[in-house]
Number of protein chains: 2
Amino acid sequence: MPDGSQSLVQTLLNAGVDTCFCSVGTADKHLDSAFSEKSEFKCVPTLFEGVATGAADGYGRMAGKPAAMLSHYGFGLGNGQANLHNARKAKTPMINIVLSQARGEGAGDNVMRESDIEAIARNISPWVHTSDSVEKLPSDAADAVAVATGRPTQISTLIVPEDVLRVENVEPVQAMPAINATRSAEAVIDKTALDEILASLKKGKDCAIMVGGRALQEPHLSLVAKIAKKSGARLISETFPARVQRGSGRPTTERLAYLAEMAEVQLRGLKHLIIVDTKPPVSFFAYPGKASCLVPDDCSVHSLVTPEDDIASTLTSVSEQLGATKVEPDLQEPVKTKLPKRRLTGDKACDVIAAFLPGNAIVSDESQTSGAKLLAKTAGCPKHDLLTLTGGAIGQGLPVAVGAAVACPKRPVIAMTGDGSAMYTIQSLSTMVQEQLDVTTIIFNNFSYAILNVELARVGVEGDAGPRAKSQLDLRGPNLDFVEIGNGMGMRSARVDTCENFASELQRALAESGPHLIEVVIPPTITGLKLKILPSLLNSLKHLPTPLARAVKNTIAP
Amino acid sequence: MPDGSQSLVQTLLNAGVDTCFCSVGTADKHLDSAFSEKSEFKCVPTLFEGVATGAADGYGRMAGKPAAMLSHYGFGLGNGQANLHNARKAKTPMINIVLSQARGEGAGDNVMRESDIEAIARNISPWVHTSDSVEKLPSDAADAVAVATGRPTQISTLIVPEDVLRVENVEPVQAMPAINATRSAEAVIDKTALDEILASLKKGKDCAIMVGGRALQEPHLSLVAKIAKKSGARLISETFPARVQRGSGRPTTERLAYLAEMAEVQLRGLKHLIIVDTKPPVSFFAYPGKASCLVPDDCSVHSLVTPEDDIASTLTSVSEQLGATKVEPDLQEPVKTKLPKRRLTGDKACDVIAAFLPGNAIVSDESQTSGAKLLAKTAGCPKHDLLTLTGGAIGQGLPVAVGAAVACPKRPVIAMTGDGSAMYTIQSLSTMVQEQLDVTTIIFNNFSYAILNVELARVGVEGDAGPRAKSQLDLRGPNLDFVEIGNGMGMRSARVDTCENFASELQRALAESGPHLIEVVIPPTITGLKLKILPSLLNSLKHLPTPLARAVKNTIAP
């Protein structure tokens with residue numbers, strides 16, 4: 001008969017969970033050997049919990065089923081908090097297993113004790129349960145999977161005291177049915193509300209459907225695109241979706257702009273906003289005196305599908321009532337990107353990526369300002385999946401790429417990240433190497449502080465700059481060489497600063513199996529100038545009528 | 001009149017807090033400019049909150065006063081959780097400032113919202129307060145410092161909504177008196193208990209004084225050593241002290257062994273254990289069927305000084321009542337270490353460090369198994385401070401060294417760490433470079449998995465090993481080159497595998513200013529063998545009488 005650990009692992013397998021991301025060297029010995037015994041159970045060690053949690057997020061987004069994520073005690077769970085926050089915002093299914101210290105006669109007030117693990121877990125997990133007896137462990141584990149795979153999909157946290165894992169003779173249990181939230185398919189939306197939505201859609205003009213979550217993936221994306229096409233409503237995607245299926249031949253959406261000023265322009269003039277599996281738009285940061293809600297004052301918001309709802313039946317029903325089932329939605333035309341030349345900029349780098357993006361690729365994007373044009377440039381590329389920074393907690397792009405590559409070992413994965421974001425979870429590179437994942441990591445390095453120093457000298461300020469100003473520029477700037485860091489983690493790494501070199505390194509990375517790193521050196525002055533120009537540009541846009549504002553779409557394409 | 005941010009900074013300065021560790025690029029703009037305006041306020045940016053929290057811990061241990069640590073939202077605080085746990089266990093004074101999102105009309109349900117920051121903070125901070133009005137911000141900040149610098153010193157957490165920082169016309173306030181816990185100097189210990197302690201000490205034999213916290217630093221260390229010398233009691237230090245002042249000419253203590261089996265041997269036969277500013281000894285990990293409390297059954301435990309107490313007056317009083325004030329305590333003799341030769345091992349590496357450890361050095365030790373002999377080998381070195389892993393949450397050694405170097409810019413700092421621990425907070429190297437800190441980082445790399453693979457091939461197992469066993473060894477082992485990683489972060493880095501090379505690189509690192517990294521390659525087979533031999537050795541030791549057990553002291557010296 002199995003012990004607690006073995007029973008836990010077998011229960012997870014019974015429920016379809018066959019992958020666990022964990023941190024090296026801290027795993028409980030019983031659990032570790034239980035993992036090893038089951039060849040069908042894949043255990044991916046990482047060097048830091050922030051990598052393990054982000055990887056479980058990427059896995060869940062792409063596999064459509066949960067991975068387990070193993071952490072230890074309150075501080076291990078704390079280390080994973082940022083990417084658990086992002087995963088929660090992504091509504092990623094995930095089984096968060098937290099080991100707590102053994103209880104009973106062997107337990108003492110030792111150095112690692114004294115964390116309220118449940119309190120930390122509740123921040124990122126709607127379902128938190130401590131499995132305090134081994135009899136209940138298997139059914140608790142099955143419950144955790146049932147909750148995580150229910151509606152909405154979510155993180156469930158199972159806290160297991162280490163002594164529970166060691167008890168012998170425990171029967172694993174079979175999978176439980178997924179636990180769905182209260183809104184059943186039949187009762188999704190009342191007749192009056194639905195009639196209002198249908199009426200808005202039938203008018204079409206000044207109406208937009210705001211889509212997020214599952215609605216950005218097939219088959220729902222095609223359904224909602226048919227509805228939009230039939231009604232004439234605009235189709236606007238949430239700004240930071242967990243996963244969007246896009247590219248040539250896929251329905252097009254416009255993306256809600258990240259900057260509130262741009263989003264306001266984008267939404268101006270709308271009278272009806274129909275929400276499908278997302279929230280009404282709010283600004284990313286909160287500023288005093290500025291409205292957080294981005295919906296125009298005279299625009300009605302209608303909730304059609306919430307994350308708790310059965311999206312397929314609702315969209316099918318609306319599509320039928322509108323007579324949209326046989327409508328051909330607007331599909332993205334293929335776009336062949338011409339290779340740019342000479343010195344790289346952020347925009348040119350996006351052109352190079354667009355020129356070579358392989359079909360069926362997965363792009364994990366945390367490229368911040370440097371990759372601002374990525375979405376517009378890659379809209380007409382072969383079909384691919386895009387995973388974005390759902391919760392604003394940086395350090396997600398590389399771990400999510402790890403998890404996506406584990407979930408989809410036959411698909412090419414591209415991770416794009418800024419230098420600061422990369423450093424948050426740089427340990428991801430090591431896992432890519434250890435697991436030989438087919439990930440091409442592109443790190444934008446703009447040496448921002450270094451160049452300010454150069455600029456200061458060029459304009460002759462150096463002599464006059466106070467010691468404090470100068471020391472800030474001298475010492476505080478990151479002086480990071482990602483080629484050496486990548487090599488140090490065992491990864492083939494290259495630095496490029498021209499379009500031609502980037503093109504050849506990217507082609508090589510995509511052609512060869514295994515992980516590659518490309519450090520893309522971007523002139524910071526250009527980024528800096530752009531950031532300065534943007535606010536005044538936006539300000540002037542504000543006073544323009546809606547049609548002109550739509551022209552902004554080119555820079556904020558899906 | 002200053003705004004909220006400026007008032008906060010001025011209040012901190014008024015209370016003697018002039019250093020803040022924060023993460024780059026995420027700081028609130030108001031607070032950032034408030035930091036910059038005050039040239040007497042030092043702001044040290046880091047690339048990850050785990051570095052900032054560990055650095056604030058190292059600073060607090062060495063400066064004896066708190067630094068501020070700035071993090072953002074629940075997930076930023078989460079990132080810092082592991083080293084905040086270690087700092088809490090170290091009773092380090094620290095002002096943990098957490099920004100939360102702006103409230104009011106500008107607040108929306110955006111992607112970063114929805115964290116219960118107070119719940120996360122309560123795990124690591126006894127005092128948690130949200131400053132929800134700007135009128136109260138200055139006095140709340142002064143309270144935070146008063147709590148952190150009280151008795152016991154501790155982490156206080158001040159949560160500040162971003163909108164509060166932006167309000168104008170706020171008067172900073174002056175420092176508040178430190179808030180001490182209830183036990184005043186006079187009422188520290190009742191007469192009966194003290195008489196019992198004095199009686200135990202007068203017997204001397206079979207009595208030990210267990211010291212930790214402040215008692216391991218001067219002038220308390222000398223006082224307690226006089227008491228021990230006069231009474232004949234043993235002086236045993238807690239296993240993982242926050243800071244111990246040691247070396248030639250300082251009072252000697254024996255260190256309680258990390259492994260419970262060794263500690264049991266060490267404590268066997270004691271009839272009285274007098275606790276000074278620490279807890280009665282418990283085992284590091286909890287195992288079923290093994291006692292967590294390490295105190296022998298027939299040994300009485302007496303609490304002389306708790307962390308809440310005024311240690312100086314209590315020790316002085318005991319010393320006077322024993323007639324120990326003029327006693328010369330046992331002082332450590334200087335020991336000149338002979339340089340070992342040829343291929344490095346962990347033990348030989350400790351010899352090399354002992355041979356060159358400069359006077360007044362600060363050693364941050366997280367070297368795990370590789371540095372097991374460090375304490376024994378360096379006992380007779382010139383006077384130095386040793387900072388250890390107080391809470392068992394790995395990734396502390398490098399950040400603590402950062403903070404110690406900021407607190408004591410004129411003292412040489414040596415950080416020792418294992419490869420796994422180093423990777424947890426490897427971003428520390430970048431801060432060392434940016435601030436040009438005088439830290440020599442020594443990373444023990446034992447390529448443990450790589451060599452197992454070699455060994456497997458050598459004994460001819462390769463052909464028979466299942467694909468799973470082989471893939472675990474091939475892929476899961478860290479394949480880290482710390483010289484390249486160090487160089488990648490801008491640090492002068494070298495790899496050594498002989499005693500001679502280590503000696504010359506260490507001398508160079510100590511002679512040159514600024515940060516250096518030395519990767520010490522240790523043959524893993526030796527470590528592996530030792531770990532196998534140790535349990536049986538310990539087992540046999542168990543059955544020996546106390547005097548022989550004392551011989552173990554050589555390996556567990558202070």
# chains A, B, ... in the order shown; residues from 1 in each chain; ligands from 1

call {"tool": "residues_around", "arguments": {"residues": "Ala141 of chain B", "least_positions_apart": "6", "cutoff": "9 Å", "atoms": "only C-alpha atoms", "output": "list of chain:residue names"}}
result
B:Leu8, B:Thr11, B:Leu12, B:Ile95, B:Ser131, B:Leu158, B:Val173

call {"tool": "write_last_selection", "arguments": {"atoms": "N, CA, C and O atoms", "output": "PDB file, in the first residue's frame"}}
result
ATOM      1  N   LEU B   8       7.748  61.933   4.657  1.00  0.00           N
ATOM      2  CA  LEU B   8       8.136  60.580   5.088  1.00  0.00           C
ATOM      3  C   LEU B   8       9.658  60.471   5.172  1.00  0.00           C
ATOM      4  O   LEU B   8      10.203  59.991   6.173  1.00  0.00           O
ATOM      5  N   THR B  11      11.033  62.534   8.038  1.00  0.00           N
ATOM      6  CA  THR B  11      10.740  61.890   9.324  1.00  0.00           C
ATOM      7  C   THR B  11      11.699  60.726   9.579  1.00  0.00           C
ATOM      8  O   THR B  11      12.208  60.564  10.695  1.00  0.00           O
ATOM      9  N   LEU B  12      11.958  59.951   8.531  1.00  0.00           N
ATOM     10  CA  LEU B  12      12.916  58.848   8.679  1.00  0.00           C
ATOM     11  C   LEU B  12      14.284  59.403   9.067  1.00  0.00           C
ATOM     12  O   LEU B  12      14.944  58.884   9.979  1.00  0.00           O
ATOM     13  N   ILE B  95      12.732  48.934   8.763  1.00  0.00           N
ATOM     14  CA  ILE B  95      11.465  49.601   8.443  1.00  0.00           C
ATOM     15  C   ILE B  95      11.050  49.116   7.059  1.00  0.00           C
ATOM     16  O   ILE B  95      11.651  49.468   6.046  1.00  0.00           O
ATOM     17  N   SER B 131      -0.989  53.367   6.749  1.00  0.00           N
ATOM     18  CA  SER B 131      -1.081  54.797   6.996  1.00  0.00           C
ATOM     19  C   SER B 131      -2.084  55.368   6.016  1.00  0.00           C
ATOM     20  O   SER B 131      -1.745  55.742   4.904  1.00  0.00           O
ATOM     21  N   LEU B 158       5.193  49.450   7.462  1.00  0.00           N
ATOM     22  CA  LEU B 158       4.329  50.598   7.226  1.00  0.00           C
ATOM     23  C   LEU B 158       3.813  50.514   5.801  1.00  0.00           C
ATOM     24  O   LEU B 158       4.597  50.556   4.841  1.00  0.00           O
ATOM     25  N   VAL B 173       7.794  64.787  11.299  1.00  0.00           N
ATOM     26  CA  VAL B 173       7.840  64.841  12.762  1.00  0.00           C
ATOM     27  C   VAL B 173       9.200  64.368  13.269  1.00  0.00           C
ATOM     28  O   VAL B 173       9.990  63.793  12.525  1.00  0.00           O
TER      29      VAL B 173
END

call {"tool": "select_by_dssp", "arguments": {"residues": "segment 158-241 of chain B", "states": "helix (DSSP H, G or I)", "output": "PyMOL selection string"}}
result
chain B and resi 162-166+191-203+213-216+220-231

call {"tool": "write_last_selection", "arguments": {"atoms": "N, CA, C and O atoms", "output": "tab-separated table (two decimals), in the first residue's frame"}}
result
chain	number	residue	atom	x	y	z
B	162	GLU	N	-0.40	54.90	-2.37
B	162	GLU	CA	0.37	55.85	-3.17
B	162	GLU	C	-0.23	57.25	-3.16
B	162	GLU	O	0.51	58.24	-3.26
B	163	ASP	N	-1.55	57.35	-3.05
B	163	ASP	CA	-2.14	58.69	-3.07
B	163	ASP	C	-1.72	59.51	-1.85
B	163	ASP	O	-1.63	60.74	-1.93
B	164	VAL	N	-1.45	58.82	-0.74
B	164	VAL	CA	-1.03	59.53	0.48
B	164	VAL	C	0.31	60.24	0.27
B	164	VAL	O	0.55	61.33	0.80
B	165	LEU	N	1.18	59.63	-0.56
B	165	LEU	CA	2.49	60.21	-0.80
B	165	LEU	C	2.40	61.53	-1.58
B	165	LEU	O	3.33	62.33	-1.57
B	166	ARG	N	1.29	61.72	-2.29
B	166	ARG	CA	1.20	62.84	-3.22
B	166	ARG	C	0.57	64.08	-2.60
B	166	ARG	O	0.60	65.15	-3.20
B	191	LYS	N	13.29	37.42	42.02
B	191	LYS	CA	14.36	37.08	42.97
B	191	LYS	C	14.58	35.57	43.06
B	191	LYS	O	15.72	35.10	43.04
B	192	THR	N	13.47	34.81	43.14
B	192	THR	CA	13.59	33.35	43.30
B	192	THR	C	14.30	32.73	42.10
B	192	THR	O	15.22	31.92	42.23
B	193	ALA	N	13.86	33.15	40.92
B	193	ALA	CA	14.46	32.60	39.71
B	193	ALA	C	15.94	32.96	39.64
B	193	ALA	O	16.79	32.13	39.31
B	194	LEU	N	16.23	34.22	40.00
B	194	LEU	CA	17.62	34.66	39.94
B	194	LEU	C	18.47	33.88	40.95
B	194	LEU	O	19.60	33.48	40.64
B	195	ASP	N	17.92	33.66	42.13
B	195	ASP	CA	18.65	32.90	43.13
B	195	ASP	C	18.95	31.49	42.64
B	195	ASP	O	20.05	30.96	42.86
B	196	GLU	N	17.99	30.88	41.96
B	196	GLU	CA	18.21	29.55	41.40
B	196	GLU	C	19.35	29.57	40.38
B	196	GLU	O	20.19	28.69	40.34
B	197	ILE	N	19.32	30.62	39.53
B	197	ILE	CA	20.36	30.73	38.51
B	197	ILE	C	21.73	30.91	39.16
B	197	ILE	O	22.71	30.26	38.80
B	198	LEU	N	21.77	31.79	40.17
B	198	LEU	CA	23.04	32.02	40.86
B	198	LEU	C	23.54	30.74	41.53
B	198	LEU	O	24.73	30.42	41.46
B	199	ALA	N	22.60	29.99	42.10
B	199	ALA	CA	22.99	28.73	42.74
B	199	ALA	C	23.55	27.74	41.71
B	199	ALA	O	24.58	27.09	41.94
B	200	SER	N	22.88	27.66	40.55
B	200	SER	CA	23.36	26.76	39.49
B	200	SER	C	24.75	27.18	39.03
B	200	SER	O	25.63	26.34	38.82
B	201	LEU	N	24.91	28.49	38.89
B	201	LEU	CA	26.20	28.98	38.41
B	201	LEU	C	27.28	28.73	39.45
B	201	LEU	O	28.42	28.40	39.10
B	202	LYS	N	26.92	28.86	40.69
B	202	LYS	CA	27.93	28.66	41.74
B	202	LYS	C	28.39	27.21	41.77
B	202	LYS	O	29.54	26.93	42.09
B	203	LYS	N	27.45	26.29	41.45
B	203	LYS	CA	27.88	24.90	41.34
B	203	LYS	C	28.80	24.74	40.13
B	203	LYS	O	29.77	24.02	40.14
B	213	GLY	N	21.67	36.14	20.17
B	213	GLY	CA	21.28	37.54	20.01
B	213	GLY	C	22.36	38.52	20.42
B	213	GLY	O	23.52	38.39	20.03
B	214	ARG	N	21.98	39.48	21.28
B	214	ARG	CA	22.92	40.53	21.70
B	214	ARG	C	24.08	39.99	22.51
B	214	ARG	O	25.14	40.61	22.60
B	215	ALA	N	23.89	38.83	23.14
B	215	ALA	CA	24.92	38.28	24.03
B	215	ALA	C	26.15	37.83	23.26
B	215	ALA	O	27.19	37.54	23.86
B	216	LEU	N	26.05	37.74	21.93
B	216	LEU	CA	27.21	37.34	21.14
B	216	LEU	C	27.99	38.54	20.63
B	216	LEU	O	28.92	38.41	19.84
B	220	HIS	N	28.35	42.74	25.81
B	220	HIS	CA	27.65	41.68	26.54
B	220	HIS	C	28.42	40.37	26.51
B	220	HIS	O	28.41	39.61	27.47
B	221	LEU	N	29.08	40.10	25.38
B	221	LEU	CA	29.81	38.83	25.24
B	221	LEU	C	30.87	38.71	26.34
B	221	LEU	O	31.02	37.66	26.97
B	222	SER	N	31.60	39.79	26.59
B	222	SER	CA	32.64	39.75	27.63
B	222	SER	C	32.03	39.55	29.01
B	222	SER	O	32.56	38.80	29.84
B	223	LEU	N	30.90	40.23	29.23
B	223	LEU	CA	30.23	40.09	30.54
B	223	LEU	C	29.82	38.64	30.79
B	223	LEU	O	30.08	38.08	31.87
B	224	VAL	N	29.21	38.03	29.78
B	224	VAL	CA	28.72	36.67	29.97
B	224	VAL	C	29.90	35.69	30.05
B	224	VAL	O	29.84	34.68	30.77
B	225	ALA	N	30.97	36.02	29.36
B	225	ALA	CA	32.17	35.16	29.42
B	225	ALA	C	32.82	35.22	30.80
B	225	ALA	O	33.34	34.22	31.31
B	226	LYS	N	32.79	36.38	31.42
B	226	LYS	CA	33.30	36.51	32.80
B	226	LYS	C	32.47	35.63	33.74
B	226	LYS	O	32.99	34.94	34.60
B	227	ILE	N	31.15	35.71	33.56
B	227	ILE	CA	30.25	34.91	34.40
B	227	ILE	C	30.55	33.42	34.23
B	227	ILE	O	30.62	32.65	35.20
B	228	ALA	N	30.74	33.00	32.97
B	228	ALA	CA	31.02	31.59	32.69
B	228	ALA	C	32.35	31.18	33.32
B	228	ALA	O	32.47	30.13	33.94
B	229	LYS	N	33.35	32.04	33.14
B	229	LYS	CA	34.68	31.73	33.66
B	229	LYS	C	34.63	31.59	35.19
B	229	LYS	O	35.17	30.62	35.75
B	230	LYS	N	34.00	32.55	35.81
B	230	LYS	CA	33.93	32.55	37.28
B	230	LYS	C	33.22	31.30	37.81
B	230	LYS	O	33.64	30.69	38.79
B	231	SER	N	32.13	30.92	37.12
B	231	SER	CA	31.31	29.83	37.62
B	231	SER	C	31.77	28.47	37.12
B	231	SER	O	31.40	27.45	37.69

call {"tool": "closest_residue", "arguments": {"among": "B:Asn487, B:Thr440, B:Ser100, B:Thr316", "to": "chain A", "atoms": "only C-alpha atoms"}}
result
B:Asn487

call {"tool": "residues_around", "arguments": {"residues": "Ser300 of chain A", "least_positions_apart": "4", "cutoff": "9 Å", "atoms": "only C-alpha atoms", "output": "PyMOL selection string"}}
result
chain A and resi 270-274+295-296

call {"tool": "closest_residue", "arguments": {"among": "A:Asp190, A:Glu118, A:Glu171, A:Asp206", "to": "Gly232 of chain A", "atoms": "only C-alpha atoms"}}
result
A:Asp206

call {"tool": "decode", "arguments": {"residues": "segment 337-347 of chain A", "atoms": "all heavy atoms", "output": "PDB file, in the first residue's frame"}}
result
ATOM      1  N   THR A 337       6.660  40.324 -43.941  1.00  0.00           N
ATOM      2  CA  THR A 337       7.430  41.465 -43.434  1.00  0.00           C
ATOM      3  C   THR A 337       8.776  41.565 -44.148  1.00  0.00           C
ATOM      4  O   THR A 337       9.493  40.575 -44.284  1.00  0.00           O
ATOM      5  CB  THR A 337       7.667  41.315 -41.914  1.00  0.00           C
ATOM      6  OG1 THR A 337       6.416  41.145 -41.283  1.00  0.00           O
ATOM      7  CG2 THR A 337       8.378  42.525 -41.350  1.00  0.00           C
ATOM      8  N   LYS A 338       9.062  42.771 -44.611  1.00  0.00           N
ATOM      9  CA  LYS A 338      10.351  43.005 -45.278  1.00  0.00           C
ATOM     10  C   LYS A 338      11.416  43.178 -44.198  1.00  0.00           C
ATOM     11  O   LYS A 338      11.195  43.869 -43.197  1.00  0.00           O
ATOM     12  CB  LYS A 338      10.238  44.290 -46.121  1.00  0.00           C
ATOM     13  CG  LYS A 338      11.180  44.318 -47.312  1.00  0.00           C
ATOM     14  CD  LYS A 338      11.040  45.620 -48.074  1.00  0.00           C
ATOM     15  CE  LYS A 338      12.409  46.079 -48.558  1.00  0.00           C
ATOM     16  NZ  LYS A 338      12.461  47.508 -48.861  1.00  0.00           N
ATOM     17  N   LEU A 339      12.533  42.536 -44.407  1.00  0.00           N
ATOM     18  CA  LEU A 339      13.591  42.634 -43.388  1.00  0.00           C
ATOM     19  C   LEU A 339      14.163  44.044 -43.334  1.00  0.00           C
ATOM     20  O   LEU A 339      14.574  44.590 -44.356  1.00  0.00           O
ATOM     21  CB  LEU A 339      14.723  41.655 -43.719  1.00  0.00           C
ATOM     22  CG  LEU A 339      14.675  40.291 -43.054  1.00  0.00           C
ATOM     23  CD1 LEU A 339      15.925  39.505 -43.404  1.00  0.00           C
ATOM     24  CD2 LEU A 339      14.558  40.441 -41.532  1.00  0.00           C
ATOM     25  N   PRO A 340      14.209  44.635 -42.166  1.00  0.00           N
ATOM     26  CA  PRO A 340      14.845  45.958 -42.037  1.00  0.00           C
ATOM     27  C   PRO A 340      16.363  45.823 -42.116  1.00  0.00           C
ATOM     28  O   PRO A 340      16.892  44.705 -42.092  1.00  0.00           O
ATOM     29  CB  PRO A 340      14.407  46.412 -40.656  1.00  0.00           C
ATOM     30  CG  PRO A 340      14.196  45.136 -39.902  1.00  0.00           C
ATOM     31  CD  PRO A 340      13.750  44.105 -40.888  1.00  0.00           C
ATOM     32  N   LYS A 341      17.029  46.939 -42.198  1.00  0.00           N
ATOM     33  CA  LYS A 341      18.488  46.895 -42.362  1.00  0.00           C
ATOM     34  C   LYS A 341      19.221  47.702 -41.293  1.00  0.00           C
ATOM     35  O   LYS A 341      18.650  48.530 -40.617  1.00  0.00           O
ATOM     36  CB  LYS A 341      18.851  47.454 -43.744  1.00  0.00           C
ATOM     37  CG  LYS A 341      18.456  46.507 -44.864  1.00  0.00           C
ATOM     38  CD  LYS A 341      18.888  47.036 -46.217  1.00  0.00           C
ATOM     39  CE  LYS A 341      18.462  46.046 -47.305  1.00  0.00           C
ATOM     40  NZ  LYS A 341      18.543  46.614 -48.639  1.00  0.00           N
ATOM     41  N   ARG A 342      20.494  47.433 -41.228  1.00  0.00           N
ATOM     42  CA  ARG A 342      21.433  48.174 -40.371  1.00  0.00           C
ATOM     43  C   ARG A 342      21.079  48.148 -38.874  1.00  0.00           C
ATOM     44  O   ARG A 342      20.523  47.201 -38.382  1.00  0.00           O
ATOM     45  CB  ARG A 342      21.608  49.593 -40.907  1.00  0.00           C
ATOM     46  CG  ARG A 342      22.382  49.628 -42.248  1.00  0.00           C
ATOM     47  CD  ARG A 342      22.592  51.031 -42.738  1.00  0.00           C
ATOM     48  NE  ARG A 342      21.362  51.661 -43.193  1.00  0.00           N
ATOM     49  CZ  ARG A 342      20.833  51.499 -44.413  1.00  0.00           C
ATOM     50  NH1 ARG A 342      21.432  50.743 -45.314  1.00  0.00           N
ATOM     51  NH2 ARG A 342      19.717  52.120 -44.741  1.00  0.00           N
ATOM     52  N   ARG A 343      21.348  49.235 -38.204  1.00  0.00           N
ATOM     53  CA  ARG A 343      21.283  49.293 -36.746  1.00  0.00           C
ATOM     54  C   ARG A 343      19.875  48.980 -36.217  1.00  0.00           C
ATOM     55  O   ARG A 343      18.878  49.505 -36.687  1.00  0.00           O
ATOM     56  CB  ARG A 343      21.718  50.697 -36.303  1.00  0.00           C
ATOM     57  CG  ARG A 343      21.927  50.814 -34.830  1.00  0.00           C
ATOM     58  CD  ARG A 343      23.154  51.653 -34.439  1.00  0.00           C
ATOM     59  NE  ARG A 343      23.326  51.523 -32.996  1.00  0.00           N
ATOM     60  CZ  ARG A 343      24.048  50.555 -32.431  1.00  0.00           C
ATOM     61  NH1 ARG A 343      24.689  49.677 -33.172  1.00  0.00           N
ATOM     62  NH2 ARG A 343      24.147  50.481 -31.112  1.00  0.00           N
ATOM     63  N   LEU A 344      19.827  48.135 -35.194  1.00  0.00           N
ATOM     64  CA  LEU A 344      18.537  47.734 -34.634  1.00  0.00           C
ATOM     65  C   LEU A 344      17.902  48.839 -33.791  1.00  0.00           C
ATOM     66  O   LEU A 344      18.600  49.587 -33.106  1.00  0.00           O
ATOM     67  CB  LEU A 344      18.727  46.512 -33.723  1.00  0.00           C
ATOM     68  CG  LEU A 344      18.662  45.136 -34.366  1.00  0.00           C
ATOM     69  CD1 LEU A 344      19.167  44.090 -33.396  1.00  0.00           C
ATOM     70  CD2 LEU A 344      17.237  44.802 -34.800  1.00  0.00           C
ATOM     71  N   THR A 345      16.577  48.890 -33.845  1.00  0.00           N
ATOM     72  CA  THR A 345      15.794  49.625 -32.858  1.00  0.00           C
ATOM     73  C   THR A 345      14.767  48.621 -32.336  1.00  0.00           C
ATOM     74  O   THR A 345      14.653  47.520 -32.886  1.00  0.00           O
ATOM     75  CB  THR A 345      15.048  50.802 -33.501  1.00  0.00           C
ATOM     76  OG1 THR A 345      14.151  50.257 -34.488  1.00  0.00           O
ATOM     77  CG2 THR A 345      15.997  51.784 -34.167  1.00  0.00           C
ATOM     78  N   GLY A 346      14.004  49.004 -31.339  1.00  0.00           N
ATOM     79  CA  GLY A 346      12.956  48.117 -30.858  1.00  0.00           C
ATOM     80  C   GLY A 346      11.989  47.751 -31.972  1.00  0.00           C
ATOM     81  O   GLY A 346      11.616  46.584 -32.153  1.00  0.00           O
ATOM     82  N   ASP A 347      11.586  48.745 -32.751  1.00  0.00           N
ATOM     83  CA  ASP A 347      10.635  48.491 -33.836  1.00  0.00           C
ATOM     84  C   ASP A 347      11.225  47.569 -34.893  1.00  0.00           C
ATOM     85  O   ASP A 347      10.564  46.646 -35.373  1.00  0.00           O
ATOM     86  CB  ASP A 347      10.220  49.808 -34.492  1.00  0.00           C
ATOM     87  CG  ASP A 347       9.342  50.630 -33.570  1.00  0.00           C
ATOM     88  OD1 ASP A 347       9.057  50.153 -32.453  1.00  0.00           O
ATOM     89  OD2 ASP A 347       8.957  51.744 -33.970  1.00  0.00           O
TER      90      ASP A 347
END
